file work12.txt (compact mmCIF, C-alpha atoms)
# COMPACT_ATOMS: atom_id res chain seq x y z
CA MET A 201 16.49 -1.45 -16.85
CA GLU A 202 15.93 0.91 -13.94
CA ILE A 203 17.45 4.35 -14.46
CA GLY A 204 18.09 6.94 -11.80
CA ILE A 205 20.38 9.40 -10.07
CA TYR A 206 22.74 9.45 -7.14
CA THR A 207 24.39 12.38 -5.39
CA PHE A 208 26.47 13.24 -2.35
CA GLY A 209 25.02 16.74 -2.05
CA GLU A 210 28.21 18.33 -3.34
CA ARG A 211 28.96 21.81 -2.04
CA THR A 212 31.88 23.41 -3.85
CA THR A 213 32.44 26.83 -5.39
CA ASP A 214 30.18 27.35 -8.39
CA PRO A 215 32.55 27.78 -11.36
CA GLU A 216 30.04 30.11 -13.03
CA THR A 217 29.54 32.53 -10.12
CA GLY A 218 32.53 31.86 -7.85
CA ARG A 219 30.04 31.53 -4.99
CA LEU A 220 29.99 28.84 -2.31
CA ILE A 221 26.36 28.08 -1.58
CA SER A 222 25.18 27.46 1.97
CA PRO A 223 24.38 23.95 3.23
CA ALA A 224 20.73 24.97 3.55
CA GLU A 225 20.59 26.11 -0.08
CA ARG A 226 22.25 22.89 -1.27
CA LEU A 227 19.72 20.79 0.59
CA ARG A 228 16.87 22.88 -0.81
CA ARG A 229 18.21 22.29 -4.30
CA LEU A 230 18.52 18.57 -3.54
CA MET A 231 14.85 18.35 -2.57
CA GLU A 232 13.93 20.01 -5.85
CA GLU A 233 16.15 17.57 -7.76
CA MET A 234 14.49 14.59 -6.10
CA LYS A 235 11.00 15.92 -6.70
CA LEU A 236 11.73 16.52 -10.39
CA ALA A 237 13.31 13.08 -10.78
CA ASP A 238 10.07 11.58 -9.47
CA GLU A 239 7.91 13.74 -11.72
CA VAL A 240 9.79 12.79 -14.91
CA GLY A 241 9.47 9.09 -14.14
CA LEU A 242 12.96 8.09 -13.04
CA ASP A 243 13.15 4.89 -11.02
CA VAL A 244 15.71 5.60 -8.27
CA PHE A 245 17.23 8.52 -6.39
CA ALA A 246 20.13 7.72 -4.07
CA VAL A 247 22.15 9.88 -1.67
CA GLY A 248 25.55 9.06 -0.22
CA GLU A 249 27.06 9.55 3.22
CA HIS A 250 30.09 11.78 3.81
CA HIS A 251 31.44 13.75 6.75
CA ARG A 252 33.28 16.55 4.97
CA PRO A 253 32.71 20.26 4.29
CA ASP A 254 32.34 19.70 0.53
CA PHE A 255 29.30 17.38 0.90
CA VAL A 256 26.12 18.13 2.85
CA VAL A 257 24.68 14.63 3.21
CA SER A 258 26.02 13.08 6.40
CA ALA A 259 22.67 11.49 7.31
CA PRO A 260 21.19 9.81 4.20
CA ALA A 261 18.12 8.45 5.99
CA VAL A 262 17.13 11.94 7.18
CA VAL A 263 17.36 13.31 3.64
CA LEU A 264 15.45 10.35 2.23
CA GLY A 265 12.79 10.73 4.91
CA ALA A 266 12.26 14.32 3.78
CA ALA A 267 12.12 13.16 0.16
CA ALA A 268 9.58 10.48 1.01
CA VAL A 269 6.86 13.07 1.62
CA HIS A 270 7.75 15.09 -1.50
CA THR A 271 7.74 12.15 -3.95
CA ARG A 272 5.23 9.54 -5.02
CA GLN A 273 6.84 6.70 -6.99
CA ILE A 274 10.62 6.93 -7.14
CA ARG A 275 12.67 4.48 -5.07
CA LEU A 276 14.78 6.11 -2.35
CA SER A 277 18.21 4.66 -1.62
CA SER A 278 21.49 5.39 0.08
CA ALA A 279 24.65 5.40 -2.05
CA VAL A 280 26.16 4.51 0.28
CA VAL A 281 25.68 4.08 4.00
CA VAL A 282 29.19 3.56 5.37
CA LEU A 283 28.15 0.47 7.29
CA SER A 284 31.62 -0.19 8.71
CA SER A 285 31.39 2.88 10.96
CA ASP A 286 27.66 2.72 11.69
CA ASP A 287 25.39 0.59 13.86
CA PRO A 288 23.34 -1.93 11.83
CA VAL A 289 20.48 -1.69 14.32
CA ARG A 290 20.17 2.06 13.80
CA VAL A 291 20.64 1.73 10.04
CA PHE A 292 17.81 -0.77 9.81
CA GLU A 293 15.51 1.27 12.05
CA GLN A 294 16.15 4.45 10.06
CA PHE A 295 15.55 2.89 6.66
CA ALA A 296 12.54 0.95 7.91
CA THR A 297 11.14 4.35 8.91
CA VAL A 298 11.88 5.74 5.43
CA ASP A 299 10.12 2.69 3.98
CA LEU A 300 7.03 3.38 6.06
CA LEU A 301 7.02 7.09 5.21
CA SER A 302 7.42 6.39 1.49
CA GLY A 303 4.90 3.57 1.22
CA GLY A 304 7.50 0.87 0.60
CA ARG A 305 10.09 2.63 -1.57
CA ALA A 306 13.26 2.51 0.58
CA GLU A 307 16.49 0.69 -0.14
CA ILE A 308 19.79 0.44 1.71
CA MET A 309 22.99 0.51 -0.36
CA VAL A 310 25.91 -0.26 1.92
CA GLY A 311 29.65 0.02 1.39
CA ARG A 312 32.94 0.27 3.21
CA GLY A 313 33.39 3.87 2.07
CA SER A 314 36.05 5.42 -0.15
CA PHE A 315 36.49 8.27 2.34
CA ILE A 316 37.66 7.45 5.84
CA GLU A 317 36.53 10.44 7.97
CA SER A 318 33.74 8.46 9.62
CA PHE A 319 36.11 5.94 11.22
CA PRO A 320 37.88 8.23 13.69
CA LEU A 321 34.72 10.33 14.01
CA PHE A 322 32.78 7.38 15.44
CA GLY A 323 35.69 5.69 17.19
CA TYR A 324 36.65 2.89 14.81
CA ASP A 325 40.12 1.68 13.85
CA LEU A 326 40.97 1.69 10.14
CA ARG A 327 42.96 -1.48 10.66
CA ASP A 328 39.58 -3.20 11.10
CA TYR A 329 38.29 -1.80 7.78
CA ASP A 330 37.34 -5.17 6.21
CA ALA A 331 36.38 -7.03 9.38
CA LEU A 332 34.02 -4.25 10.46
CA PHE A 333 32.11 -4.35 7.21
CA GLU A 334 31.81 -8.13 7.11
CA GLU A 335 30.53 -8.40 10.67
CA LYS A 336 28.10 -5.50 10.41
CA LEU A 337 26.69 -6.71 7.11
CA ASP A 338 26.04 -10.08 8.76
CA LEU A 339 24.09 -8.37 11.54
CA LEU A 340 22.14 -6.11 9.17
CA LEU A 341 20.98 -9.11 7.14
CA LYS A 342 19.97 -10.99 10.29
CA ILE A 343 17.94 -7.99 11.48
CA ARG A 344 16.03 -7.71 8.23
CA GLN A 345 15.27 -11.44 8.38
CA GLU A 346 14.22 -11.70 12.02
CA GLU A 347 12.12 -9.38 14.17
CA ARG A 348 13.73 -10.62 17.36
CA VAL A 349 17.47 -11.06 17.09
CA THR A 350 20.06 -13.08 18.97
CA TRP A 351 23.56 -12.32 17.72
CA SER A 352 27.11 -11.80 18.91
CA GLY A 353 30.23 -10.40 17.28
CA HIS A 354 33.55 -8.74 17.98
CA PHE A 355 32.84 -5.03 17.45
CA ARG A 356 29.38 -4.58 18.97
CA PRO A 357 27.64 -5.68 22.17
CA PRO A 358 25.57 -8.86 21.64
CA LEU A 359 21.84 -8.96 21.10
CA ARG A 360 19.81 -11.49 23.10
CA ASN A 361 16.33 -12.05 21.71
CA GLN A 362 15.83 -8.32 21.28
CA GLY A 363 13.19 -6.83 19.02
CA ILE A 364 14.18 -4.37 16.29
CA TYR A 365 11.47 -1.86 15.36
CA PRO A 366 9.78 -0.53 13.34
CA ARG A 367 9.47 -3.24 10.72
CA PRO A 368 9.32 -2.01 7.11
CA ILE A 369 6.56 -2.51 4.56
CA GLN A 370 8.92 -4.36 2.24
CA ASN A 371 9.89 -7.84 3.40
CA PRO A 372 12.76 -8.12 2.93
CA LEU A 373 13.92 -4.51 2.87
CA PRO A 374 16.26 -4.34 -0.16
CA VAL A 375 19.97 -4.25 0.65
CA TRP A 376 22.53 -3.55 -2.09
CA VAL A 377 26.31 -3.75 -1.78
CA ALA A 378 28.42 -1.09 -3.54
CA VAL A 379 31.94 -2.01 -4.65
CA GLY A 380 34.78 -0.04 -6.17
CA GLY A 381 37.10 -2.66 -7.65
CA THR A 382 37.69 -5.39 -5.09
CA PRO A 383 37.04 -8.95 -6.32
CA GLU A 384 36.43 -10.21 -2.78
CA SER A 385 33.59 -7.70 -2.37
CA ALA A 386 31.91 -8.91 -5.56
CA VAL A 387 32.19 -12.54 -4.49
CA ARG A 388 30.81 -11.75 -1.03
CA ALA A 389 27.77 -9.95 -2.46
CA GLY A 390 27.08 -12.76 -4.92
CA SER A 391 27.45 -15.55 -2.37
CA LEU A 392 24.92 -13.77 -0.15
CA GLY A 393 22.52 -13.26 -3.05
CA LEU A 394 22.71 -9.48 -2.69
CA PRO A 395 22.40 -7.05 -5.60
CA MET A 396 25.62 -5.16 -6.32
CA ALA A 397 26.47 -1.68 -7.59
CA ILE A 398 29.79 -1.05 -9.33
CA ALA A 399 31.04 2.53 -9.13
CA ILE A 400 32.91 3.38 -12.35
CA ILE A 401 34.23 6.94 -12.24
CA GLY A 402 37.41 6.68 -14.30
CA GLY A 403 39.54 4.58 -16.62
CA LEU A 404 38.14 2.00 -19.00
CA PRO A 405 34.78 0.58 -17.87
CA GLU A 406 35.43 -2.79 -19.50
CA ARG A 407 38.04 -3.41 -16.79
CA PHE A 408 35.14 -3.92 -14.37
CA VAL A 409 33.32 -6.61 -16.35
CA TYR A 410 35.08 -9.36 -14.41
CA LEU A 411 33.49 -8.06 -11.19
CA ALA A 412 30.02 -8.57 -12.68
CA GLU A 413 31.03 -12.08 -13.76
CA LEU A 414 32.41 -12.92 -10.30
CA HIS A 415 29.19 -11.64 -8.72
CA ARG A 416 27.00 -13.85 -10.89
CA GLN A 417 29.24 -16.89 -10.56
CA ALA A 418 29.33 -16.63 -6.76
CA ALA A 419 25.53 -16.52 -6.59
CA GLN A 420 25.20 -19.53 -8.87
CA GLN A 421 27.78 -21.51 -6.90
CA ALA A 422 25.81 -20.75 -3.73
CA GLY A 423 22.66 -22.08 -5.40
CA LEU A 424 21.04 -18.66 -5.48
CA ALA A 425 19.26 -16.71 -8.19
CA VAL A 426 21.50 -14.22 -9.98
CA PRO A 427 21.11 -10.88 -8.12
CA LYS A 428 20.66 -7.52 -9.80
CA LEU A 429 23.58 -5.39 -10.94
CA SER A 430 23.84 -1.59 -11.09
CA ILE A 431 26.43 0.54 -12.86
CA ASN A 432 26.95 3.92 -11.15
CA SER A 433 28.83 6.60 -13.11
CA HIS A 434 29.49 10.34 -13.40
CA GLY A 435 27.83 12.38 -16.12
CA LEU A 436 25.75 15.32 -17.29
CA ILE A 437 23.15 15.62 -20.05
CA ALA A 438 22.42 18.77 -22.02
CA ASP A 439 20.53 19.52 -25.21
CA ASP A 440 23.77 19.23 -27.18
CA SER A 441 27.20 17.73 -26.52
CA GLN A 442 29.07 21.06 -26.62
CA THR A 443 26.90 22.53 -23.86
CA ALA A 444 27.24 19.38 -21.73
CA PHE A 445 31.02 19.39 -22.07
CA ARG A 446 31.36 23.11 -21.43
CA GLU A 447 29.28 22.99 -18.25
CA ALA A 448 30.57 19.69 -16.85
CA PHE A 449 34.33 20.03 -17.29
CA PRO A 450 35.08 22.92 -14.86
CA ALA A 451 32.97 21.45 -12.05
CA PHE A 452 34.18 17.88 -12.59
CA LYS A 453 37.80 19.01 -12.72
CA GLN A 454 37.48 21.09 -9.57
CA MET A 455 36.04 18.20 -7.57
CA MET A 456 38.30 15.45 -8.95
CA ASP A 457 41.43 17.60 -8.51
CA ARG A 458 40.39 18.35 -4.95
CA ILE A 459 40.06 14.65 -4.17
CA GLY A 460 43.17 13.91 -6.18
CA ARG A 461 45.29 16.19 -4.01
CA GLU A 462 44.34 14.05 -1.03
CA ARG A 463 45.04 10.76 -2.79
CA GLY A 464 48.07 11.60 -4.89
CA TRP A 465 46.35 11.72 -8.28
CA SER A 466 47.54 14.02 -11.04
CA PRO A 467 45.23 16.93 -11.94
CA MET A 468 42.61 16.11 -14.56
CA THR A 469 43.60 17.38 -18.00
CA ARG A 470 41.23 18.46 -20.72
CA GLU A 471 42.50 15.61 -22.89
CA GLN A 472 41.67 13.07 -20.18
CA PHE A 473 38.19 14.48 -19.80
CA GLU A 474 37.66 14.46 -23.57
CA PHE A 475 38.52 10.76 -23.69
CA SER A 476 36.31 10.01 -20.68
CA VAL A 477 33.22 11.21 -22.55
CA THR A 478 33.87 9.04 -25.61
CA LEU A 479 31.99 5.79 -26.06
CA ARG A 480 34.68 3.76 -24.29
CA GLY A 481 35.26 6.28 -21.48
CA ALA A 482 33.77 6.33 -18.00
CA ASN A 483 31.82 9.64 -18.02
CA PHE A 484 28.31 10.00 -19.47
CA VAL A 485 28.56 13.61 -20.61
CA GLY A 486 26.75 14.63 -23.76
CA SER A 487 23.45 14.93 -25.56
CA PRO A 488 20.59 12.52 -24.82
CA GLU A 489 21.46 10.56 -27.94
CA GLN A 490 25.08 10.13 -26.86
CA VAL A 491 24.11 9.01 -23.37
CA ILE A 492 21.54 6.56 -24.75
CA GLU A 493 24.17 5.06 -27.05
CA LYS A 494 26.67 4.73 -24.22
CA ILE A 495 24.26 3.07 -21.79
CA LEU A 496 23.30 0.51 -24.42
CA TYR A 497 26.96 0.01 -25.35
CA GLN A 498 27.87 -0.78 -21.75
CA HIS A 499 24.84 -3.02 -21.37
CA GLU A 500 26.41 -5.32 -23.95
CA TRP A 501 29.29 -5.80 -21.49
CA PHE A 502 27.58 -5.83 -18.12
CA HIS A 503 23.95 -6.88 -18.80
CA HIS A 504 23.08 -4.69 -15.83
CA ASP A 505 19.62 -4.11 -14.41
CA ARG A 506 20.12 -0.55 -13.18
CA PHE A 507 22.03 2.55 -14.20
CA LEU A 508 22.58 5.49 -11.83
CA LEU A 509 24.10 8.79 -12.91
CA GLN A 510 25.89 11.23 -10.61
CA MET A 511 25.34 14.63 -12.21
CA THR A 512 26.57 16.93 -9.45
CA VAL A 513 30.27 16.11 -9.48
CA GLY A 514 31.11 19.50 -8.04
CA THR A 515 28.65 22.39 -7.92
CA LEU A 516 26.84 23.16 -11.16
CA PRO A 517 24.21 25.83 -11.85
CA HIS A 518 20.91 24.55 -10.53
CA ARG A 519 19.17 25.06 -13.86
CA THR A 520 21.83 22.88 -15.52
CA VAL A 521 21.25 20.03 -13.10
CA MET A 522 17.47 20.29 -13.39
CA ARG A 523 17.65 20.21 -17.19
CA SER A 524 19.91 17.17 -17.03
CA ILE A 525 17.42 15.37 -14.77
CA GLU A 526 14.59 16.30 -17.12
CA LEU A 527 16.45 14.93 -20.14
CA LEU A 528 17.40 11.73 -18.33
CA GLY A 529 13.78 11.10 -17.43
CA THR A 530 12.01 12.21 -20.60
CA LYS A 531 14.53 11.36 -23.33
CA VAL A 532 17.17 8.90 -22.17
CA ALA A 533 15.27 6.50 -19.92
CA PRO A 534 12.34 5.84 -22.31
CA ALA A 535 14.68 5.26 -25.26
CA VAL A 536 16.95 2.88 -23.34
CA LYS A 537 14.03 0.89 -21.97
CA LYS A 538 12.41 0.64 -25.39
CA ALA A 539 15.64 -0.53 -27.01
CA LEU A 540 16.27 -3.16 -24.35
CA SER A 541 12.67 -4.42 -24.37
CA THR A 542 12.85 -4.75 -28.16
CA THR A 543 16.05 -6.75 -27.83
CA VAL A 544 14.56 -9.06 -25.20
CA SER A 545 11.44 -9.55 -27.33
CA ALA A 546 13.54 -10.40 -30.39
CA ASN A 547 15.66 -12.88 -28.42
CA THR A 548 12.56 -14.53 -26.98
CA GLN A 549 10.99 -14.97 -30.41
CA SER A 550 14.18 -16.42 -31.86
call {"tool": "encode", "arguments": {"input": "work12.txt", "output": "structure tokens"}}
result
Amino acid sequence: MEIGIYTFGERTTDPETGRLISPAERLRRLMEEMKLADEVGLDVFAVGEHHRPDFVVSAPAVVLGAAAVHTRQIRLSSAVVVLSSDDPVRVFEQFATVDLLSGGRAEIMVGRGSFIESFPLFGYDLRDYDALFEEKLDLLLKIRQEERVTWSGHFRPPLRNQGIYPRPIQNPLPVWVAVGGTPESAVRAGSLGLPMAIAIIGGLPERFVYLAELHRQAAQQAGLAVPKLSINSHGLIADDSQTAFREAFPAFKQMMDRIGRERGWSPMTREQFEFSVTLRGANFVGSPEQVIEKILYQHEWFHHDRFLLQMTVGTLPHRTVMRSIELLGTKVAPAVKKALSTTVSANTQS
């Protein structure tokens, strides 16, 4: 299993200091987080696109391009590029550039976006939410397959035997599809043979197992190999569970309540958070041993190939985030990989 981190570059008031850090400071911290993740041997670092004051990453490819020269081995991904409101030609060119800068470590994770600010910002109609994504994904996949492209659609001017450059080192450049809970999205990704990421940030994770099954079934019905699956969740790791809970809860609550006010959710209670960090809950907050147990527990359901953890759900002290990254890389990831390799070896022998 690949294990890594994703972030949106959250910029909220630090519950510990009451201070709102500057965008420049948040990006500096983000570079340090990515560099440490690489040094401790994590497999993936992904950054998501938002166009809001509480997140600093509006241009994932720019951030990943900066990270490419500060890292050596870790894969660099978006999480996600809001493809519906972007131009697939520019997306491909930008991530091909990241791939060249990083020596072949770039990935594109695309999605329709759970926030909608980018649609009016770039002149798109929300009534075209699904159609935009479907058409632009079709074009993106054609571009990665063909150097010179002829294509026509409804939302973008046609391409007539036009070259798209630069070309990446990886052929094909990996494209993942992120889904929230829509069955049609899982079927689409599977039928195209694309790896899929399921974002599970609340409720009971087992409710999402059917999406993984739909994804695999769609690929098989299309005569394709079963694509990879990633589970992306919120969490924080500390040396002990009490410290993890104490540091995570205020920041997580602040961010989730802020989003909840926009979407009509009730404020997060302490009881809800306490359940979310249990074995059957959605959040991976605890000691390394607890997080290891929970990843392996969910692997029994999903049989996933990748696990990404969002640690900065709201602003946390930088030292807290860095320690969490260190523990994920030095304690959690090796133990999970050893346990799963032992299981595979035992199954093979039997």
call {"tool": "closest_residue", "arguments": {"input": "work12.txt", "among": "A:Leu424, A:Ile398, A:Ala268, A:Ala535", "to": "Leu509 in chain A", "atoms": "only C-alpha atoms"}}
result
A:Ile398
call {"tool": "residues_around", "arguments": {"input": "work12.txt", "residues": "Gly393 in chain A", "least_positions_apart": "4", "cutoff": "9 Å", "atoms": "only C-alpha atoms", "output": "PyMOL selection string"}}
result
chain A and resi 388-389+415+418-420+422+424-427
call {"tool": "closest_residue", "arguments": {"input": "work12.txt", "among": "A:Pro358, A:Gly486, A:Pro450, A:Pro395", "to": "Ala438 in chain A", "atoms": "all atoms listed in the file"}}
result
A:Gly486
call {"tool": "residues_near_point", "arguments": {"input": "work12.txt", "point": "(12.2, 2.9, 6.9)", "cutoff": "10 Å", "atoms": "only C-alpha atoms", "output": "list in words"}}
result
Ala261, Leu264, Gly265, Ala268, Val291, Phe292, Glu293, Gln294, Phe295, Ala296, Thr297, Val298, Asp299, Leu300, Leu301, Ser302, Gly303, Gly304, Arg305, Ala306, Glu307, Ile308, Tyr365, Pro366, Arg367, Pro368, Ile369, Gln370 and Leu373 of chain A
call {"tool": "axis_aligned_box", "arguments": {"input": "work12.txt", "around": "range 492-498 of chain A", "padding_each_side": "8 Å", "output": "JSON"}}
result
{"center_x": 24.7, "center_y": 2.9, "center_z": -24.4, "size_x": 22.3, "size_y": 23.3, "size_z": 21.3}
call {"tool": "closest_atom_pairs", "arguments": {"input": "work12.txt", "of": "range 426-471 of chain A", "to": "range 216-227 of chain A", "cutoff": "12 Å", "atoms": "all atoms listed in the file", "output": "JSON lines"}}
result
{"residue": "A:Arg446", "atom": "CA", "partner": "A:Glu216", "partner_atom": "CA", "distance": 11.0}
{"residue": "A:Glu447", "atom": "CA", "partner": "A:Glu216", "partner_atom": "CA", "distance": 8.9}
{"residue": "A:Ala448", "atom": "CA", "partner": "A:Glu216", "partner_atom": "CA", "distance": 11.1}
{"residue": "A:Phe449", "atom": "CA", "partner": "A:Glu216", "partner_atom": "CA", "distance": 11.8}
{"residue": "A:Pro450", "atom": "CA", "partner": "A:Glu216", "partner_atom": "CA", "distance": 9.0}
{"residue": "A:Ala451", "atom": "CA", "partner": "A:Glu216", "partner_atom": "CA", "distance": 9.2}
{"residue": "A:Gln454", "atom": "CA", "partner": "A:Gly218", "partner_atom": "CA", "distance": 12.0}
call {"tool": "residues_near_point", "arguments": {"input": "work12.txt", "point": "(40.0, -3.3, 7.3)", "cutoff": "12 Å", "atoms": "only C-alpha atoms", "output": "ChimeraX atom specification"}}
result
/A:284-285,312-313,316,319,324-335
call {"tool": "residues_around", "arguments": {"input": "work12.txt", "residues": "Val477 in chain A", "least_positions_apart": "3", "cutoff": "12 Å", "atoms": "only C-alpha atoms", "output": "number ranges by chain"}}
result
A: 401-405, 433-437, 441-442, 444-445, 448-449, 470-474, 480-487, 490-491, 493-494
call {"tool": "closest_residue", "arguments": {"input": "work12.txt", "among": "A:Leu230, A:Met309, A:Leu540, A:Ile364", "to": "Leu496 in chain A", "atoms": "only C-alpha atoms"}}
result
A:Leu540
call {"tool": "build_atoms", "arguments": {"input": "work12.txt", "residues": "range 459-468 of chain A", "atoms": "all heavy atoms", "output": "mmCIF file, in the coordinates of the input"}}
result
data_model
loop_
_atom_site.group_PDB
_atom_site.id
_atom_site.type_symbol
_atom_site.label_atom_id
_atom_site.label_comp_id
_atom_site.auth_asym_id
_atom_site.auth_seq_id
_atom_site.Cartn_x
_atom_site.Cartn_y
_atom_site.Cartn_z
ATOM 1 N N ILE A 459 39.889 15.994 -4.727
ATOM 2 C CA ILE A 459 40.060 14.650 -4.170
ATOM 3 C C ILE A 459 41.439 14.104 -4.513
ATOM 4 O O ILE A 459 42.097 13.448 -3.701
ATOM 5 C CB ILE A 459 38.950 13.718 -4.690
ATOM 6 C CG1 ILE A 459 37.577 14.202 -4.199
ATOM 7 C CG2 ILE A 459 39.197 12.281 -4.248
ATOM 8 C CD1 ILE A 459 36.412 13.481 -4.838
ATOM 9 N N GLY A 460 41.868 14.400 -5.735
ATOM 10 C CA GLY A 460 43.170 13.910 -6.180
ATOM 11 C C GLY A 460 44.321 14.423 -5.348
ATOM 12 O O GLY A 460 45.313 13.699 -5.134
ATOM 13 N N ARG A 461 44.229 15.654 -4.865
ATOM 14 C CA ARG A 461 45.290 16.190 -4.010
ATOM 15 C C ARG A 461 45.423 15.396 -2.719
ATOM 16 O O ARG A 461 46.518 15.265 -2.158
ATOM 17 C CB ARG A 461 45.020 17.670 -3.709
ATOM 18 C CG ARG A 461 45.303 18.603 -4.877
ATOM 19 C CD ARG A 461 45.297 20.056 -4.453
ATOM 20 N NE ARG A 461 43.988 20.520 -4.027
ATOM 21 C CZ ARG A 461 43.072 21.033 -4.851
ATOM 22 N NH1 ARG A 461 43.328 21.134 -6.146
ATOM 23 N NH2 ARG A 461 41.906 21.452 -4.373
ATOM 24 N N GLU A 462 44.309 14.847 -2.243
ATOM 25 C CA GLU A 462 44.340 14.050 -1.030
ATOM 26 C C GLU A 462 44.890 12.648 -1.287
ATOM 27 O O GLU A 462 45.468 12.032 -0.388
ATOM 28 C CB GLU A 462 42.915 13.928 -0.452
ATOM 29 C CG GLU A 462 42.271 15.260 -0.099
ATOM 30 C CD GLU A 462 40.823 15.090 0.330
ATOM 31 O OE1 GLU A 462 40.397 13.924 0.531
ATOM 32 O OE2 GLU A 462 40.116 16.104 0.466
ATOM 33 N N ARG A 463 44.707 12.163 -2.510
ATOM 34 C CA ARG A 463 45.040 10.760 -2.790
ATOM 35 C C ARG A 463 46.249 10.585 -3.692
ATOM 36 O O ARG A 463 46.593 9.464 -4.066
ATOM 37 C CB ARG A 463 43.823 10.074 -3.413
ATOM 38 C CG ARG A 463 42.594 10.143 -2.520
ATOM 39 C CD ARG A 463 41.451 9.340 -3.043
ATOM 40 N NE ARG A 463 40.281 9.443 -2.179
ATOM 41 C CZ ARG A 463 39.157 8.767 -2.356
ATOM 42 N NH1 ARG A 463 39.041 7.926 -3.378
ATOM 43 N NH2 ARG A 463 38.151 8.920 -1.522
ATOM 44 N N GLY A 464 46.881 11.702 -4.070
ATOM 45 C CA GLY A 464 48.070 11.600 -4.890
ATOM 46 C C GLY A 464 47.830 11.434 -6.369
ATOM 47 O O GLY A 464 48.718 10.988 -7.103
ATOM 48 N N TRP A 465 46.632 11.788 -6.855
ATOM 49 C CA TRP A 465 46.350 11.720 -8.280
ATOM 50 C C TRP A 465 46.866 12.974 -8.970
ATOM 51 O O TRP A 465 46.926 14.051 -8.375
ATOM 52 C CB TRP A 465 44.844 11.645 -8.556
ATOM 53 C CG TRP A 465 44.126 10.503 -7.919
ATOM 54 C CD1 TRP A 465 44.671 9.360 -7.420
ATOM 55 C CD2 TRP A 465 42.712 10.417 -7.703
ATOM 56 N NE1 TRP A 465 43.680 8.561 -6.911
ATOM 57 C CE2 TRP A 465 42.481 9.173 -7.070
ATOM 58 C CE3 TRP A 465 41.634 11.241 -7.985
ATOM 59 C CZ2 TRP A 465 41.192 8.746 -6.721
ATOM 60 C CZ3 TRP A 465 40.367 10.825 -7.637
ATOM 61 C CH2 TRP A 465 40.144 9.594 -7.019
ATOM 62 N N SER A 466 47.177 12.853 -10.232
ATOM 63 C CA SER A 466 47.540 14.020 -11.040
ATOM 64 C C SER A 466 46.273 14.819 -11.361
ATOM 65 O O SER A 466 45.182 14.245 -11.447
ATOM 66 C CB SER A 466 48.217 13.590 -12.336
ATOM 67 O OG SER A 466 49.391 12.874 -12.065
ATOM 68 N N PRO A 467 46.395 16.133 -11.553
ATOM 69 C CA PRO A 467 45.230 16.930 -11.940
ATOM 70 C C PRO A 467 44.622 16.428 -13.240
ATOM 71 O O PRO A 467 45.334 15.964 -14.146
ATOM 72 C CB PRO A 467 45.795 18.338 -12.093
ATOM 73 C CG PRO A 467 47.031 18.350 -11.261
ATOM 74 C CD PRO A 467 47.602 16.968 -11.356
ATOM 75 N N MET A 468 43.307 16.520 -13.343
ATOM 76 C CA MET A 468 42.610 16.110 -14.560
ATOM 77 C C MET A 468 42.926 17.081 -15.698
ATOM 78 O O MET A 468 42.802 18.292 -15.548
ATOM 79 C CB MET A 468 41.097 16.079 -14.318
ATOM 80 C CG MET A 468 40.287 15.750 -15.567
ATOM 81 S SD MET A 468 38.494 15.941 -15.307
ATOM 82 C CE MET A 468 38.159 14.484 -14.311
#
